[in-house]
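What follows is the content of final-v6.cif, which has mmCIF, C-alpha atoms:
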data_input
#
loop_
_atom_site.label_atom_id
_atom_site.label_comp_id
_atom_site.auth_asym_id
_atom_site.auth_seq_id
_atom_site.Cartn_x
_atom_site.Cartn_y
_atom_site.Cartn_z
CA MET M 142 -12.01 -8.64 6.41
CA LEU M 143 -8.68 -10.18 5.54
CA THR M 144 -7.12 -9.71 8.99
CA GLY M 145 -5.43 -12.96 10.03
CA LYS M 146 -5.68 -14.41 6.53
CA GLU M 147 -3.07 -14.93 3.85
CA ALA M 148 -2.64 -11.76 1.77
CA PRO M 149 -3.99 -12.38 -1.74
CA GLY M 150 -1.16 -12.63 -4.25
CA PHE M 151 -0.97 -10.35 -7.26
CA THR M 152 1.27 -9.35 -10.13
CA LEU M 153 0.77 -5.80 -11.37
CA VAL M 154 2.71 -3.42 -13.58
CA ASP M 155 4.50 -0.39 -12.15
CA LEU M 156 4.70 3.00 -13.83
CA SER M 157 7.80 1.97 -15.79
CA GLY M 158 6.09 -1.16 -17.13
CA LYS M 159 7.92 -3.61 -14.83
CA LYS M 160 5.92 -6.48 -13.32
CA VAL M 161 5.86 -6.53 -9.54
CA SER M 162 4.42 -9.41 -7.52
CA LEU M 163 3.56 -9.54 -3.85
CA SER M 164 5.53 -12.81 -3.76
CA ASP M 165 8.69 -10.81 -4.64
CA PHE M 166 8.65 -9.66 -1.00
CA GLN M 167 8.09 -13.04 0.67
CA GLY M 168 9.33 -13.04 4.27
CA LYS M 169 9.30 -9.25 4.45
CA PRO M 170 6.74 -6.86 5.91
CA VAL M 171 4.69 -5.15 3.19
CA LEU M 172 2.16 -2.33 3.37
CA VAL M 173 -0.24 -2.65 0.43
CA ASN M 174 -1.92 0.75 0.01
CA PHE M 175 -4.79 1.26 -2.44
CA TRP M 176 -5.27 4.89 -3.49
CA ALA M 177 -6.59 7.10 -6.32
CA THR M 178 -5.37 10.34 -7.87
CA TRP M 179 -8.68 12.09 -7.02
CA CYS M 180 -8.62 10.95 -3.38
CA VAL M 181 -7.67 13.84 -1.06
CA PRO M 182 -7.09 11.64 2.05
CA CYS M 183 -4.89 9.36 -0.10
CA ARG M 184 -2.70 12.29 -1.10
CA GLU M 185 -2.63 13.42 2.53
CA GLU M 186 -1.13 10.13 3.74
CA MET M 187 1.29 9.51 0.84
CA PRO M 188 4.08 11.75 2.24
CA TRP M 189 3.74 9.90 5.57
CA LEU M 190 4.01 6.56 3.78
CA GLN M 191 7.08 7.83 1.95
CA GLN M 192 8.66 8.84 5.26
CA PHE M 193 7.91 5.43 6.79
CA SER M 194 9.18 3.71 3.64
CA ARG M 195 12.60 5.26 4.25
CA GLN M 196 12.48 5.02 8.03
CA TYR M 197 11.61 1.31 8.15
CA ALA M 198 13.56 0.13 5.09
CA PRO M 199 16.36 -1.20 7.35
CA GLN M 200 13.78 -3.55 8.92
CA GLY M 201 12.80 -4.76 5.45
CA LEU M 202 9.55 -2.81 5.03
CA THR M 203 8.26 -2.34 1.50
CA ILE M 204 5.31 -0.12 0.66
CA LEU M 205 3.39 -0.85 -2.52
CA GLY M 206 1.02 1.88 -3.65
CA ILE M 207 -1.72 0.50 -5.89
CA VAL M 208 -3.58 3.16 -7.85
CA THR M 209 -7.22 2.26 -8.46
CA ASP M 210 -8.23 4.91 -10.98
CA SER M 211 -6.89 5.12 -14.51
CA PRO M 212 -6.28 8.72 -15.57
CA GLY M 213 -3.19 7.55 -17.46
CA LYS M 214 0.37 6.88 -16.33
CA ASP M 215 1.42 10.53 -16.66
CA ALA M 216 -1.31 11.73 -14.29
CA VAL M 217 -0.48 8.96 -11.82
CA GLN M 218 3.23 9.76 -12.05
CA LYS M 219 2.51 13.46 -11.40
CA ALA M 220 0.34 12.67 -8.37
CA ALA M 221 3.02 10.38 -6.93
CA GLN M 222 5.82 12.89 -7.58
CA LYS M 223 3.79 15.73 -6.04
CA SER M 224 3.57 13.66 -2.85
CA GLY M 225 7.30 12.83 -2.99
CA VAL M 226 6.64 9.11 -3.45
CA THR M 227 9.57 6.91 -4.45
CA TYR M 228 8.10 3.56 -3.35
CA PRO M 229 6.65 1.39 -6.14
CA VAL M 230 3.33 2.58 -7.58
CA LEU M 231 1.42 -0.19 -9.34
CA ILE M 232 -1.56 -0.02 -11.67
CA SER M 233 -4.50 -1.95 -10.19
CA ASP M 234 -6.81 -4.37 -11.92
CA ASP M 235 -10.27 -5.65 -11.01
CA ASN M 236 -8.95 -9.07 -9.96
CA THR M 237 -6.59 -7.57 -7.39
CA GLU M 238 -9.21 -5.19 -6.01
CA ASN M 239 -11.75 -8.03 -5.76
CA ALA M 240 -9.22 -10.28 -4.01
CA TYR M 241 -8.78 -7.54 -1.41
CA GLY M 242 -12.52 -7.28 -0.77
CA GLY M 243 -13.59 -4.81 -3.43
CA VAL M 244 -11.67 -1.78 -2.11
CA ASP M 245 -14.81 0.34 -1.80
CA GLN M 246 -13.22 2.97 0.44
CA LEU M 247 -9.95 4.83 -0.10
CA PRO M 248 -7.27 4.91 1.04
CA MET M 249 -7.33 1.25 1.97
CA SER M 250 -4.26 -0.32 3.55
CA PHE M 251 -3.30 -3.90 4.26
CA TYR M 252 -0.36 -4.44 6.60
CA VAL M 253 1.16 -7.80 5.66
CA GLY M 254 3.48 -9.47 8.15
CA ARG M 255 6.61 -11.47 7.40
CA ASP M 256 4.42 -14.59 7.51
CA GLY M 257 2.40 -13.35 4.51
CA LYS M 258 -0.74 -12.80 6.58
CA VAL M 259 -2.68 -9.54 6.85
CA ALA M 260 -1.98 -8.29 10.39
CA VAL M 261 -4.07 -5.12 10.10
CA GLN M 262 -6.55 -3.77 7.55
CA THR M 263 -7.56 -0.10 7.59
CA ALA M 264 -9.79 2.16 5.50
CA GLY M 265 -9.51 5.94 5.38
CA VAL M 266 -7.00 8.23 7.08
CA SER M 267 -9.08 10.19 9.57
CA ALA M 268 -11.01 7.07 10.50
CA VAL M 269 -7.85 5.38 11.71
CA GLY M 270 -6.23 8.27 13.57
CA GLY M 271 -3.73 9.46 10.98
CA LYS M 272 0.02 9.24 10.93
CA GLU M 273 0.52 7.82 14.44
CA VAL M 274 -1.79 4.88 13.82
CA ILE M 275 -0.16 4.14 10.45
CA GLU M 276 3.22 4.02 12.17
CA ALA M 277 1.89 1.83 14.99
CA ASN M 278 0.56 -0.62 12.39
CA ILE M 279 3.89 -0.61 10.56
CA LYS M 280 5.67 -1.38 13.83
CA LYS M 281 3.40 -4.41 14.26
CA ILE M 282 4.52 -5.93 10.95
CA VAL M 283 8.22 -5.01 11.08
CA GLY M 284 8.41 -6.44 14.57
CA GLY M 285 7.80 -9.94 13.21
CA ALA M 286 4.00 -10.06 13.40
#
Hey, can you dump this file as structure tokens for me?
Amino acid sequence: MLTGKEAPGFTLVDLSGKKVSLSDFQGKPVLVNFWATWCVPCREEMPWLQQFSRQYAPQGLTILGIVTDSPGKDAVQKAAQKSGVTYPVLISDDNTENAYGGVDQLPMSFYVGRDGKVAVQTAGVSAVGGKEVIEANIKKIVGGA
């Protein structure tokens, strides 16, 4: 578990080819969400994440969706668009997944506080109580956790 520890840094490429680093968001709350195009629970929570991305943007929240499968950028783009996602979607690599503990269950979310530490780590949607729990975790990190 990474809870209470410094969030592992990474630099990944988004769907447009731009490099995005976790360090770009230093001092801001970040939700790092690992997902896959084939993952039904992932697609279930993506519209919620999009809603929270807009809702908590004034408090500095950034959501980074990291796709763990590689069906090609077009398929990833379609999956993201179908869910209404406008937050950055990044293409994962083995180093990043390993740094975050192997990401053996999806969706996997890491709620990173303004201090750069993982405040909460969750796996699965139904296992964590759905939308309300996601929002409660977001409130923990935007509140200065």
Shortest contact to Val217 (chain M), candidates M:Ala177, M:Val161, M:Leu143, M:Ala198, atoms counted only C-alpha atoms, goes to M:Ala177
Handout entry: Nearest residue to Val274 (chain M) from the set M:Glu186, M:Lys219, M:Lys160, M:Asp155 (distances using all atoms listed in the file)
Key =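 Under the stated criterion, the closest residue is M:Glu186.
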- Identify all residues satisfying the PyMOL selection byres ((chain M and resi 261) around 8) in the given file; provide them as a PyMOL selection string. chain M and resi 144-145+251-253+259-260+262-263+278
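Across the model, the gap from CA of Ala264 (chain M) to CA of Gly242 (chain M) is 11.7 Å.
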Residues within 9 Å of (-5.0, 0.7, -9.3), file coords, all atoms listed in the file, listed as a list in words
Leu153, Phe175, Trp176, Ala177, Gly206, Ile207, Val208, Thr209, Asp210, Ser211, Val230, Leu231, Ile232, Ser233, Asp234, Asp235, Thr237 and Glu238 of chain M
Atom pair CA of Tyr241 (chain M) + CA of Arg195 (chain M), distance 25.6 Å
Q.
Could you list, as a ChimeraX atom specification, every residue matched by the PyMOL selection byres ((chain M and resi 203) around 8) in this structure?
A. /M:166,169-172,194,198,201-202,204-205,228
Using the selection just defined, write its residues with C-alpha atoms as a PDB file, in the coordinates of the input.
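Generated file (selection02.pdb):
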ATOM      1  CA  PHE M 166       8.650  -9.660  -1.000  1.00  0.00           C
ATOM      2  CA  LYS M 169       9.300  -9.250   4.450  1.00  0.00           C
ATOM      3  CA  PRO M 170       6.740  -6.860   5.910  1.00  0.00           C
ATOM      4  CA  VAL M 171       4.690  -5.150   3.190  1.00  0.00           C
ATOM      5  CA  LEU M 172       2.160  -2.330   3.370  1.00  0.00           C
ATOM      6  CA  SER M 194       9.180   3.710   3.640  1.00  0.00           C
ATOM      7  CA  ALA M 198      13.560   0.130   5.090  1.00  0.00           C
ATOM      8  CA  GLY M 201      12.800  -4.760   5.450  1.00  0.00           C
ATOM      9  CA  LEU M 202       9.550  -2.810   5.030  1.00  0.00           C
ATOM     10  CA  ILE M 204       5.310  -0.120   0.660  1.00  0.00           C
ATOM     11  CA  LEU M 205       3.390  -0.850  -2.520  1.00  0.00           C
ATOM     12  CA  TYR M 228       8.100   3.560  -3.350  1.00  0.00           C
TER      13      TYR M 228
END
